[in-house]
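Okay, input23.cif now, which holds mmCIF, N, CA and C atoms:
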data_model
#
loop_
_atom_site.label_atom_id
_atom_site.label_comp_id
_atom_site.auth_asym_id
_atom_site.auth_seq_id
_atom_site.Cartn_x
_atom_site.Cartn_y
_atom_site.Cartn_z
N MET A 1 -78.16 45.19 131.39
CA MET A 1 -79.32 44.33 131.18
C MET A 1 -78.81 42.94 130.84
N ASN A 2 -79.43 41.92 131.43
CA ASN A 2 -79.11 40.53 131.15
C ASN A 2 -80.11 39.98 130.15
N TYR A 3 -79.61 39.12 129.28
CA TYR A 3 -80.45 38.52 128.26
C TYR A 3 -80.30 37.01 128.31
N SER A 4 -81.36 36.35 127.94
CA SER A 4 -81.33 34.91 127.76
C SER A 4 -81.44 34.67 126.25
N VAL A 5 -80.45 33.97 125.70
CA VAL A 5 -80.43 33.71 124.26
C VAL A 5 -80.50 32.20 124.04
N LYS A 6 -81.49 31.80 123.26
CA LYS A 6 -81.66 30.38 122.94
C LYS A 6 -81.59 30.23 121.42
N ILE A 7 -80.62 29.46 120.95
CA ILE A 7 -80.49 29.20 119.52
C ILE A 7 -81.44 28.07 119.17
N LYS A 8 -82.37 28.38 118.26
CA LYS A 8 -83.38 27.39 117.87
C LYS A 8 -82.95 26.58 116.65
N ASP A 9 -82.26 27.22 115.71
CA ASP A 9 -81.90 26.52 114.48
C ASP A 9 -80.77 27.27 113.78
N VAL A 10 -79.91 26.52 113.10
CA VAL A 10 -78.86 27.10 112.27
C VAL A 10 -78.89 26.38 110.94
N LYS A 11 -79.00 27.16 109.87
CA LYS A 11 -79.01 26.60 108.52
C LYS A 11 -77.91 27.27 107.70
N THR A 12 -77.28 26.49 106.86
CA THR A 12 -76.28 27.01 105.94
C THR A 12 -76.88 27.02 104.55
N THR A 13 -76.71 28.13 103.85
CA THR A 13 -77.26 28.26 102.50
C THR A 13 -76.31 29.08 101.63
N ASN A 14 -76.49 28.95 100.33
CA ASN A 14 -75.68 29.75 99.40
C ASN A 14 -76.51 30.83 98.71
N GLU A 15 -77.78 30.97 99.11
CA GLU A 15 -78.64 31.98 98.50
C GLU A 15 -79.67 32.45 99.51
N LEU A 16 -79.83 33.76 99.59
CA LEU A 16 -80.84 34.34 100.47
C LEU A 16 -82.10 34.58 99.65
N GLU A 17 -83.22 34.16 100.17
CA GLU A 17 -84.49 34.29 99.45
C GLU A 17 -84.99 35.73 99.48
N GLY A 18 -85.66 36.11 98.40
CA GLY A 18 -86.32 37.40 98.34
C GLY A 18 -85.42 38.60 98.18
N VAL A 19 -84.16 38.37 97.86
CA VAL A 19 -83.21 39.48 97.72
C VAL A 19 -83.41 40.21 96.40
N TRP A 20 -83.66 39.46 95.35
CA TRP A 20 -83.85 40.04 94.02
C TRP A 20 -85.32 39.96 93.64
N SER A 21 -85.89 41.09 93.29
CA SER A 21 -87.29 41.12 92.86
C SER A 21 -87.37 41.02 91.34
N ASN A 22 -88.55 40.81 90.82
CA ASN A 22 -88.75 40.79 89.37
C ASN A 22 -88.41 42.15 88.77
N GLU A 23 -88.67 43.22 89.51
CA GLU A 23 -88.32 44.56 89.03
C GLU A 23 -86.81 44.72 88.94
N ASP A 24 -86.09 44.13 89.91
CA ASP A 24 -84.62 44.13 89.84
C ASP A 24 -84.16 43.42 88.57
N PHE A 25 -84.72 42.25 88.30
CA PHE A 25 -84.33 41.49 87.11
C PHE A 25 -84.61 42.28 85.84
N LYS A 26 -85.75 42.95 85.77
CA LYS A 26 -86.08 43.74 84.58
C LYS A 26 -85.10 44.90 84.40
N GLU A 27 -84.78 45.58 85.50
CA GLU A 27 -83.83 46.69 85.43
C GLU A 27 -82.44 46.18 85.03
N LEU A 28 -82.05 45.06 85.59
CA LEU A 28 -80.74 44.50 85.24
C LEU A 28 -80.70 44.03 83.79
N LEU A 29 -81.78 43.46 83.31
CA LEU A 29 -81.84 43.07 81.89
C LEU A 29 -81.63 44.30 81.01
N ALA A 30 -82.21 45.42 81.37
CA ALA A 30 -82.01 46.65 80.60
C ALA A 30 -80.55 47.10 80.68
N ARG A 31 -79.94 47.01 81.85
CA ARG A 31 -78.54 47.40 82.00
C ARG A 31 -77.60 46.47 81.25
N PHE A 32 -78.02 45.23 81.10
CA PHE A 32 -77.23 44.26 80.33
C PHE A 32 -77.66 44.24 78.86
N GLU A 33 -78.38 45.28 78.46
CA GLU A 33 -78.74 45.54 77.07
C GLU A 33 -79.61 44.46 76.45
N TYR A 34 -80.48 43.86 77.26
CA TYR A 34 -81.41 42.87 76.71
C TYR A 34 -82.69 43.61 76.30
N PRO A 35 -83.06 43.51 75.05
CA PRO A 35 -84.26 44.22 74.60
C PRO A 35 -85.55 43.49 75.02
N ASP A 36 -86.57 44.25 75.22
CA ASP A 36 -87.91 43.70 75.48
C ASP A 36 -88.03 42.85 76.73
N ALA A 37 -87.37 43.24 77.79
CA ALA A 37 -87.48 42.49 79.05
C ALA A 37 -88.91 42.52 79.58
N ALA A 38 -89.64 43.56 79.25
CA ALA A 38 -91.03 43.69 79.71
C ALA A 38 -91.92 42.61 79.11
N GLN A 39 -91.52 42.03 77.98
CA GLN A 39 -92.32 41.01 77.30
C GLN A 39 -92.11 39.61 77.88
N LEU A 40 -91.11 39.45 78.73
CA LEU A 40 -90.80 38.13 79.28
C LEU A 40 -91.77 37.74 80.38
N LYS A 41 -92.01 36.44 80.49
CA LYS A 41 -92.81 35.92 81.60
C LYS A 41 -91.99 36.01 82.88
N THR A 42 -92.68 36.17 83.97
CA THR A 42 -92.01 36.32 85.26
C THR A 42 -91.06 35.15 85.54
N ALA A 43 -91.48 33.96 85.24
CA ALA A 43 -90.67 32.77 85.50
C ALA A 43 -89.40 32.72 84.66
N GLU A 44 -89.34 33.50 83.58
CA GLU A 44 -88.20 33.48 82.67
C GLU A 44 -87.18 34.57 82.96
N LEU A 45 -87.50 35.52 83.80
CA LEU A 45 -86.64 36.68 83.99
C LEU A 45 -85.23 36.32 84.43
N LYS A 46 -85.11 35.50 85.45
CA LYS A 46 -83.79 35.14 85.98
C LYS A 46 -82.97 34.38 84.94
N GLU A 47 -83.60 33.46 84.24
CA GLU A 47 -82.91 32.67 83.22
C GLU A 47 -82.37 33.57 82.11
N TYR A 48 -83.19 34.51 81.65
CA TYR A 48 -82.76 35.42 80.60
C TYR A 48 -81.70 36.40 81.10
N LEU A 49 -81.79 36.75 82.38
CA LEU A 49 -80.75 37.61 82.95
C LEU A 49 -79.41 36.88 82.93
N PHE A 50 -79.40 35.61 83.28
CA PHE A 50 -78.16 34.83 83.23
C PHE A 50 -77.59 34.79 81.82
N LEU A 51 -78.46 34.65 80.82
CA LEU A 51 -78.01 34.65 79.42
C LEU A 51 -77.42 36.02 79.05
N ALA A 52 -78.09 37.08 79.48
CA ALA A 52 -77.60 38.43 79.18
C ALA A 52 -76.27 38.69 79.88
N ILE A 53 -76.15 38.25 81.12
CA ILE A 53 -74.89 38.43 81.87
C ILE A 53 -73.75 37.71 81.18
N SER A 54 -74.01 36.52 80.67
CA SER A 54 -72.94 35.71 80.07
C SER A 54 -72.38 36.32 78.79
N ASP A 55 -73.08 37.30 78.22
CA ASP A 55 -72.55 38.00 77.04
C ASP A 55 -71.45 39.00 77.39
N PHE A 56 -71.25 39.24 78.68
CA PHE A 56 -70.25 40.19 79.15
C PHE A 56 -69.10 39.45 79.81
N GLU A 57 -67.95 40.10 79.83
CA GLU A 57 -66.82 39.57 80.59
C GLU A 57 -67.21 39.59 82.07
N PRO A 58 -66.71 38.64 82.86
CA PRO A 58 -67.10 38.58 84.27
C PRO A 58 -66.91 39.88 85.05
N HIS A 59 -65.77 40.55 84.85
CA HIS A 59 -65.55 41.79 85.60
C HIS A 59 -66.49 42.90 85.14
N GLU A 60 -66.89 42.88 83.86
CA GLU A 60 -67.85 43.88 83.37
C GLU A 60 -69.23 43.64 83.99
N ALA A 61 -69.64 42.38 84.07
CA ALA A 61 -70.92 42.05 84.68
C ALA A 61 -70.91 42.42 86.16
N ALA A 62 -69.81 42.14 86.83
CA ALA A 62 -69.70 42.50 88.25
C ALA A 62 -69.82 44.01 88.43
N ALA A 63 -69.20 44.77 87.55
CA ALA A 63 -69.26 46.24 87.64
C ALA A 63 -70.70 46.73 87.45
N ILE A 64 -71.42 46.13 86.53
CA ILE A 64 -72.82 46.54 86.29
C ILE A 64 -73.67 46.24 87.53
N LEU A 65 -73.49 45.07 88.11
CA LEU A 65 -74.26 44.72 89.30
C LEU A 65 -73.87 45.57 90.51
N LEU A 66 -72.58 45.82 90.68
CA LEU A 66 -72.13 46.67 91.77
C LEU A 66 -72.66 48.09 91.61
N ASP A 67 -72.66 48.59 90.38
CA ASP A 67 -73.20 49.92 90.12
C ASP A 67 -74.69 49.96 90.45
N TYR A 68 -75.41 48.93 90.07
CA TYR A 68 -76.86 48.88 90.32
C TYR A 68 -77.16 48.88 91.81
N LYS A 69 -76.46 48.05 92.57
CA LYS A 69 -76.77 47.89 93.99
C LYS A 69 -76.05 48.88 94.91
N CYS A 70 -74.85 49.32 94.52
CA CYS A 70 -74.01 50.03 95.49
C CYS A 70 -73.49 51.39 95.02
N SER A 71 -74.00 51.92 93.92
CA SER A 71 -73.46 53.17 93.39
C SER A 71 -73.63 54.35 94.36
N ASP A 72 -74.59 54.26 95.26
CA ASP A 72 -74.78 55.32 96.24
C ASP A 72 -73.79 55.23 97.39
N LYS A 73 -73.06 54.10 97.51
CA LYS A 73 -72.12 53.90 98.61
C LYS A 73 -70.67 53.79 98.15
N LEU A 74 -70.48 53.55 96.84
CA LEU A 74 -69.12 53.33 96.32
C LEU A 74 -68.83 54.30 95.17
N ALA A 75 -67.59 54.73 95.09
CA ALA A 75 -67.14 55.57 93.98
C ALA A 75 -66.87 54.68 92.76
N ASP A 76 -66.83 55.29 91.59
CA ASP A 76 -66.59 54.53 90.36
C ASP A 76 -65.31 53.71 90.42
N GLY A 77 -64.25 54.28 90.96
CA GLY A 77 -62.98 53.57 91.07
C GLY A 77 -63.08 52.36 91.98
N GLN A 78 -63.84 52.48 93.06
CA GLN A 78 -64.04 51.35 93.97
C GLN A 78 -64.81 50.24 93.27
N ILE A 79 -65.83 50.62 92.51
CA ILE A 79 -66.62 49.62 91.76
C ILE A 79 -65.73 48.90 90.77
N ASP A 80 -64.88 49.63 90.06
CA ASP A 80 -63.98 49.01 89.09
C ASP A 80 -63.02 48.05 89.77
N ASN A 81 -62.41 48.47 90.88
CA ASN A 81 -61.48 47.60 91.60
C ASN A 81 -62.19 46.35 92.14
N LEU A 82 -63.35 46.55 92.74
CA LEU A 82 -64.08 45.42 93.30
C LEU A 82 -64.54 44.44 92.23
N SER A 83 -64.89 44.95 91.06
CA SER A 83 -65.36 44.07 89.98
C SER A 83 -64.27 43.08 89.56
N HIS A 84 -63.03 43.49 89.66
CA HIS A 84 -61.91 42.58 89.35
C HIS A 84 -61.59 41.69 90.55
N GLU A 85 -61.63 42.29 91.72
CA GLU A 85 -61.29 41.55 92.94
C GLU A 85 -62.28 40.43 93.24
N MET A 86 -63.54 40.62 92.86
CA MET A 86 -64.57 39.62 93.14
C MET A 86 -64.29 38.28 92.48
N LEU A 87 -63.54 38.28 91.41
CA LEU A 87 -63.20 37.03 90.73
C LEU A 87 -62.20 36.20 91.52
N ARG A 88 -61.41 36.87 92.37
CA ARG A 88 -60.34 36.18 93.09
C ARG A 88 -60.64 35.92 94.56
N THR A 89 -61.38 36.84 95.18
CA THR A 89 -61.58 36.73 96.63
C THR A 89 -63.06 36.88 96.98
N LYS A 90 -63.37 36.49 98.18
CA LYS A 90 -64.73 36.64 98.70
C LYS A 90 -64.85 38.01 99.36
N VAL A 91 -65.08 39.03 98.54
CA VAL A 91 -65.15 40.39 99.08
C VAL A 91 -66.30 40.53 100.07
N PHE A 92 -67.33 39.70 99.93
CA PHE A 92 -68.46 39.76 100.85
C PHE A 92 -68.07 39.34 102.27
N GLU A 93 -66.92 38.71 102.43
CA GLU A 93 -66.43 38.34 103.76
C GLU A 93 -65.34 39.28 104.25
N ASN A 94 -64.61 39.88 103.33
CA ASN A 94 -63.39 40.60 103.70
C ASN A 94 -63.44 42.11 103.59
N TYR A 95 -64.47 42.67 102.96
CA TYR A 95 -64.49 44.11 102.74
C TYR A 95 -64.58 44.85 104.07
N SER A 96 -63.91 45.97 104.16
CA SER A 96 -63.81 46.69 105.43
C SER A 96 -65.13 47.27 105.92
N GLU A 97 -66.04 47.61 105.02
CA GLU A 97 -67.32 48.18 105.42
C GLU A 97 -68.37 47.07 105.51
N ILE A 98 -68.67 46.68 106.73
CA ILE A 98 -69.53 45.52 106.96
C ILE A 98 -70.95 45.72 106.43
N ASP A 99 -71.41 46.96 106.34
CA ASP A 99 -72.78 47.17 105.86
C ASP A 99 -72.93 46.85 104.37
N LEU A 100 -71.83 46.64 103.66
CA LEU A 100 -71.88 46.26 102.25
C LEU A 100 -71.81 44.74 102.03
N HIS A 101 -71.52 44.00 103.08
CA HIS A 101 -71.35 42.55 102.94
C HIS A 101 -72.60 41.87 102.37
N HIS A 102 -73.76 42.28 102.82
CA HIS A 102 -75.01 41.68 102.35
C HIS A 102 -75.17 41.87 100.85
N ASP A 103 -75.01 43.09 100.36
CA ASP A 103 -75.12 43.35 98.92
C ASP A 103 -74.04 42.60 98.14
N PHE A 104 -72.82 42.62 98.65
CA PHE A 104 -71.73 41.92 97.96
C PHE A 104 -72.00 40.42 97.87
N PHE A 105 -72.52 39.84 98.94
CA PHE A 105 -72.82 38.41 98.93
C PHE A 105 -73.87 38.10 97.85
N ASN A 106 -74.93 38.88 97.81
CA ASN A 106 -76.01 38.64 96.85
C ASN A 106 -75.54 38.85 95.41
N ILE A 107 -74.73 39.85 95.18
CA ILE A 107 -74.16 40.08 93.84
C ILE A 107 -73.27 38.91 93.47
N ASN A 108 -72.40 38.52 94.39
CA ASN A 108 -71.48 37.41 94.13
C ASN A 108 -72.23 36.13 93.78
N GLN A 109 -73.26 35.82 94.53
CA GLN A 109 -73.99 34.57 94.30
C GLN A 109 -74.75 34.59 92.97
N LEU A 110 -75.25 35.75 92.58
CA LEU A 110 -75.90 35.87 91.28
C LEU A 110 -74.86 35.63 90.17
N LEU A 111 -73.68 36.21 90.32
CA LEU A 111 -72.61 36.02 89.34
C LEU A 111 -72.09 34.58 89.37
N TYR A 112 -71.99 33.99 90.55
CA TYR A 112 -71.55 32.61 90.67
C TYR A 112 -72.48 31.69 89.87
N SER A 113 -73.77 31.92 89.99
CA SER A 113 -74.75 31.10 89.26
C SER A 113 -74.72 31.39 87.76
N ALA A 114 -74.63 32.66 87.41
CA ALA A 114 -74.65 33.03 85.99
C ALA A 114 -73.43 32.51 85.25
N TYR A 115 -72.29 32.49 85.92
CA TYR A 115 -71.04 32.05 85.28
C TYR A 115 -70.62 30.64 85.68
N ASN A 116 -71.54 29.88 86.23
CA ASN A 116 -71.28 28.48 86.57
C ASN A 116 -69.99 28.29 87.37
N GLY A 117 -69.81 29.11 88.40
CA GLY A 117 -68.71 28.89 89.32
C GLY A 117 -67.44 29.68 89.07
N LYS A 118 -67.41 30.65 88.14
CA LYS A 118 -66.19 31.45 87.94
C LYS A 118 -65.89 32.34 89.13
N PHE A 119 -66.92 32.72 89.85
CA PHE A 119 -66.75 33.52 91.05
C PHE A 119 -66.71 32.59 92.25
N PRO A 120 -66.05 32.99 93.34
CA PRO A 120 -66.00 32.12 94.53
C PRO A 120 -67.40 31.89 95.08
N GLN A 121 -67.66 30.67 95.50
CA GLN A 121 -68.97 30.38 96.07
C GLN A 121 -69.01 30.86 97.52
N GLY A 122 -70.11 31.47 97.87
CA GLY A 122 -70.30 31.94 99.23
C GLY A 122 -71.34 31.11 99.96
N MET A 123 -71.19 31.06 101.24
CA MET A 123 -72.16 30.38 102.10
C MET A 123 -72.41 31.29 103.30
N VAL A 124 -73.65 31.27 103.77
CA VAL A 124 -74.00 32.02 104.97
C VAL A 124 -74.75 31.10 105.93
N ASN A 125 -74.67 31.44 107.19
CA ASN A 125 -75.43 30.73 108.21
C ASN A 125 -76.62 31.60 108.60
N LEU A 126 -77.79 31.01 108.58
CA LEU A 126 -78.99 31.68 109.05
C LEU A 126 -79.30 31.12 110.43
N VAL A 127 -79.31 31.99 111.41
CA VAL A 127 -79.50 31.58 112.78
C VAL A 127 -80.86 32.06 113.27
N GLU A 128 -81.67 31.11 113.70
CA GLU A 128 -82.95 31.46 114.31
C GLU A 128 -82.76 31.37 115.81
N LEU A 129 -83.06 32.46 116.49
CA LEU A 129 -82.84 32.47 117.93
C LEU A 129 -83.96 33.18 118.65
N GLU A 130 -84.01 32.94 119.93
CA GLU A 130 -84.99 33.58 120.80
C GLU A 130 -84.21 34.36 121.85
N ILE A 131 -84.54 35.64 121.98
CA ILE A 131 -83.86 36.50 122.95
C ILE A 131 -84.90 37.03 123.93
N LYS A 132 -84.62 36.84 125.20
CA LYS A 132 -85.49 37.37 126.25
C LYS A 132 -84.65 38.23 127.17
N GLY A 133 -85.18 39.40 127.48
CA GLY A 133 -84.50 40.29 128.41
C GLY A 133 -85.20 40.31 129.75
N GLU A 134 -84.53 40.89 130.74
CA GLU A 134 -85.13 41.02 132.07
C GLU A 134 -86.39 41.88 131.99
N ASN A 135 -86.29 42.93 131.20
CA ASN A 135 -87.41 43.87 131.05
C ASN A 135 -88.02 43.64 129.67
N ASN A 136 -89.08 42.85 129.61
CA ASN A 136 -89.70 42.53 128.32
C ASN A 136 -90.33 43.73 127.65
N ALA A 137 -90.45 44.85 128.36
CA ALA A 137 -91.04 46.05 127.78
C ALA A 137 -90.06 46.77 126.85
N GLU A 138 -88.78 46.49 127.00
CA GLU A 138 -87.77 47.15 126.17
C GLU A 138 -87.88 46.65 124.73
N GLU A 139 -87.86 47.59 123.81
CA GLU A 139 -87.95 47.24 122.39
C GLU A 139 -86.63 46.63 121.92
N MET A 140 -86.72 45.56 121.16
CA MET A 140 -85.53 44.91 120.62
C MET A 140 -85.08 45.66 119.38
N THR A 141 -83.88 46.17 119.43
CA THR A 141 -83.28 46.87 118.30
C THR A 141 -82.07 46.08 117.84
N LYS A 142 -81.46 46.52 116.75
CA LYS A 142 -80.24 45.86 116.29
C LYS A 142 -79.16 45.94 117.37
N GLU A 143 -79.11 47.07 118.04
CA GLU A 143 -78.10 47.27 119.09
C GLU A 143 -78.31 46.32 120.26
N THR A 144 -79.54 46.21 120.73
CA THR A 144 -79.80 45.32 121.87
C THR A 144 -79.64 43.85 121.46
N ALA A 145 -79.97 43.51 120.23
CA ALA A 145 -79.77 42.14 119.76
C ALA A 145 -78.28 41.80 119.71
N LEU A 146 -77.48 42.74 119.24
CA LEU A 146 -76.03 42.52 119.18
C LEU A 146 -75.44 42.39 120.59
N LYS A 147 -75.91 43.23 121.50
CA LYS A 147 -75.46 43.13 122.89
C LYS A 147 -75.83 41.78 123.50
N ALA A 148 -77.03 41.33 123.22
CA ALA A 148 -77.49 40.04 123.74
C ALA A 148 -76.62 38.91 123.21
N LEU A 149 -76.28 38.97 121.94
CA LEU A 149 -75.46 37.91 121.35
C LEU A 149 -74.04 37.93 121.88
N SER A 150 -73.53 39.12 122.16
CA SER A 150 -72.15 39.20 122.68
C SER A 150 -72.09 38.69 124.10
#
Here is the file; what I need is its structure written in the form of structure tokens.
Amino acid sequence: MNYSVKIKDVKTTNELEGVWSNEDFKELLARFEYPDAAQLKTAELKEYLFLAISDFEPHEAAAILLDYKCSDKLADGQIDNLSHEMLRTKVFENYSEIDLHHDFFNINQLLYSAYNGKFPQGMVNLVELEIKGENNAEEMTKETALKALS
């Protein structure tokens, strides 16, 4: 199948919108031992999470976030190793399992903000594109999108 791919826009950003919900912030506040997170205003959740995170050593905070987001995909030893490695390298770019890059990037950027730059800063490109195939009846899947881009 032949595809026509038109790149409409490319943006570089250091934060993906909508990745962390207010429920995520409340759960993380509890994991970072902040009492009464339920009493906080929605607009204050992220700010208080940053304060709670800063009470921990960077590798400890990384381990808590990795456990929260990736405990179903990583063993405890992997979480411990990654929590230390995240301070030195951009694991969201280099880790062997590509399906974890998205979570690692979001964790890293939250830690980067909370610790005012102790973690490496990450950047991503958001590409808006239009893909047209010969047979417009075919459903666009991740596989067909990847084939079109290649």
Hey, could you pull the box centre and edge lengths for region 44-57 of chain A, axis-aligned, 5 Å padding per side, all listed atoms, to one decimal in Å, as lines of an AutoDock Vina configuration file?
center_x = -78.1
center_y = 36.4
center_z = 81.5
size_x = 32.5
size_y = 17.5
size_z = 18.9
Mind running region 1-99 of chain A against region 136-150 of chain A at 7 Å and telling me each contacting residue's nearest atom pair with the distance in Å (one decimal), counting all atoms listed in the file, chain and number ascending, as CSV?
residue,atom,partner,partner_atom,distance
A:Asn2,C,A:Ala148,CA,6.9
A:Tyr3,CA,A:Ala148,CA,5.6
A:Ser4,N,A:Ala148,CA,6.8
A:Val5,CA,A:Ala148,C,6.5
Hits from the PyMOL selection byres (((chain A and resi 32 and name CA) around 10) and name CA), listed as a VMD selection string: chain A and resid 26 to 31 33 to 35 49 to 56 60 to 61 64 to 65
By how many Å are CA of Asp80 (chain A) and CA of Ala63 (chain A) apart?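 Atom-to-atom, CA of Asp80 (chain A) and CA of Ala63 (chain A) are spaced 6.1 Å apart.
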Gap from CA of Asn106 (chain A) to CA of Ala38 (chain A) - Å, one decimal: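 Computing the Euclidean distance for CA of Asn106 (chain A) and CA of Ala38 (chain A) yields 23.3 Å.
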Given all atoms listed in the file, how would the per-residue table for region 5-91 of chain A near region 119-123 of chain A read, listing every residue at most 6.5 Å away with its closest atom pair and distance in Å to one decimal, sorted by chain and number, as CSV?
residue,atom,partner,partner_atom,distance
A:Thr12,C,A:Met123,CA,6.3
A:Thr13,C,A:Met123,CA,4.4
A:Asn14,CA,A:Met123,CA,4.5
A:Glu15,N,A:Met123,CA,6.4
A:Met86,C,A:Phe119,CA,5.5
A:Leu87,CA,A:Phe119,CA,5.0
A:Arg88,N,A:Pro120,N,6.1
A:Thr89,C,A:Pro120,CA,6.1
A:Lys90,N,A:Pro120,CA,6.3
Which is closer to Pro58 (chain A) than all the others in A:Leu111, A:Leu45, A:Ala37, A:Cys70, using only N, CA and C atoms? A:Leu111
Which residue is closest to Ile107 (chain A)? Choose from A:Val19, A:Leu40, A:Leu74, A:Val124 and count only C-alpha atoms.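 Between A:Val19, A:Leu40, A:Leu74, A:Val124, the residue approaching Ile107 (chain A) most closely is A:Val19.
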I'd like to know which of A:Leu66, A:Val10, A:Ala43, A:Leu82 is closest to Asp103 (chain A), using all atoms listed in the file.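 Closest to Asp103 (chain A), using all atoms listed in the file: A:Leu66.
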Pull the alpha helix (DSSP H) assignments for chain A out of DSSP run on the backbone, and list those residues as a PyMOL selection string. chain A and resi 22-31+45-54+58-70+76-85+91-94+101-114+142-149
May I have the residues within 6.5 Å of His101 (chain A) as a VMD selection string, using all atoms listed in the file and disregarding those fewer than 5 positions away in the same chain? chain A and resid 91 to 93 106
Report the residues of chain A whose backbone DSSP state falls under strand (DSSP E), written as JSON, numbers by chain. {"A": [3, 4, 5, 6, 7, 8, 9, 10, 11, 12, 13, 124, 125, 126, 127, 128, 129, 130, 131, 132, 133]}
With distances taken over only N, CA and C atoms, which residue among A:Met1, A:Glu97, A:Glu57, A:Lys11 lies nearest Leu126 (chain A)?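 Closest to Leu126 (chain A) of all the choices is A:Lys11.
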Which residue of A:Thr42, A:Ala62, A:Lys132, A:Phe104 approaches Asn22 (chain A) most closely, using only N, CA and C atoms: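 Selected residue with least distance to Asn22 (chain A): A:Thr42.
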Just give me the gap between CA of His102 (chain A) and CA of Asp76 (chain A) in Å, one decimal is fine.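 Answer for the CA of His102 (chain A) to CA of Asp76 (chain A) separation: 19.5 Å.
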Could you tell me which residues the PyMOL selection byres ((chain A and resi 8) around 6.5) returns for this structure, as a ChimeraX atom specification? /A:6-7,9-10,127-130
Where atoms are missing, can you supply all heavy atoms for region 81-86 of chain A and output the lot as an mmCIF file, keeping the file's coordinate frame?
data_model
loop_
_atom_site.group_PDB
_atom_site.id
_atom_site.type_symbol
_atom_site.label_atom_id
_atom_site.label_comp_id
_atom_site.auth_asym_id
_atom_site.auth_seq_id
_atom_site.Cartn_x
_atom_site.Cartn_y
_atom_site.Cartn_z
ATOM 1 N N ASN A 81 -62.410 48.470 90.880
ATOM 2 C CA ASN A 81 -61.480 47.600 91.600
ATOM 3 C C ASN A 81 -62.190 46.350 92.140
ATOM 4 O O ASN A 81 -61.675 45.244 92.016
ATOM 5 C CB ASN A 81 -60.828 48.358 92.752
ATOM 6 C CG ASN A 81 -59.805 49.361 92.283
ATOM 7 O OD1 ASN A 81 -59.282 49.263 91.169
ATOM 8 N ND2 ASN A 81 -59.530 50.348 93.105
ATOM 9 N N LEU A 82 -63.350 46.550 92.740
ATOM 10 C CA LEU A 82 -64.080 45.420 93.300
ATOM 11 C C LEU A 82 -64.540 44.440 92.230
ATOM 12 O O LEU A 82 -64.576 43.234 92.469
ATOM 13 C CB LEU A 82 -65.289 45.918 94.097
ATOM 14 C CG LEU A 82 -64.983 46.522 95.461
ATOM 15 C CD1 LEU A 82 -66.199 47.267 96.000
ATOM 16 C CD2 LEU A 82 -64.551 45.436 96.436
ATOM 17 N N SER A 83 -64.890 44.950 91.060
ATOM 18 C CA SER A 83 -65.360 44.070 89.980
ATOM 19 C C SER A 83 -64.270 43.080 89.560
ATOM 20 O O SER A 83 -64.581 41.957 89.162
ATOM 21 C CB SER A 83 -65.855 44.878 88.790
ATOM 22 O OG SER A 83 -64.783 45.522 88.134
ATOM 23 N N HIS A 84 -63.030 43.490 89.660
ATOM 24 C CA HIS A 84 -61.910 42.580 89.350
ATOM 25 C C HIS A 84 -61.590 41.690 90.550
ATOM 26 O O HIS A 84 -61.321 40.494 90.388
ATOM 27 C CB HIS A 84 -60.676 43.375 88.937
ATOM 28 C CG HIS A 84 -60.806 44.035 87.606
ATOM 29 N ND1 HIS A 84 -60.620 43.366 86.423
ATOM 30 C CD2 HIS A 84 -61.138 45.306 87.266
ATOM 31 C CE1 HIS A 84 -60.816 44.190 85.403
ATOM 32 N NE2 HIS A 84 -61.135 45.376 85.890
ATOM 33 N N GLU A 85 -61.630 42.290 91.720
ATOM 34 C CA GLU A 85 -61.290 41.550 92.940
ATOM 35 C C GLU A 85 -62.280 40.430 93.240
ATOM 36 O O GLU A 85 -61.906 39.391 93.785
ATOM 37 C CB GLU A 85 -61.228 42.533 94.116
ATOM 38 C CG GLU A 85 -60.595 41.971 95.349
ATOM 39 C CD GLU A 85 -60.455 43.011 96.448
ATOM 40 O OE1 GLU A 85 -60.336 44.212 96.145
ATOM 41 O OE2 GLU A 85 -60.486 42.593 97.623
ATOM 42 N N MET A 86 -63.540 40.620 92.860
ATOM 43 C CA MET A 86 -64.570 39.620 93.140
ATOM 44 C C MET A 86 -64.290 38.280 92.480
ATOM 45 O O MET A 86 -64.771 37.246 92.946
ATOM 46 C CB MET A 86 -65.952 40.115 92.678
ATOM 47 C CG MET A 86 -66.529 41.201 93.522
ATOM 48 S SD MET A 86 -68.132 41.723 92.915
ATOM 49 C CE MET A 86 -69.155 40.393 93.544
#
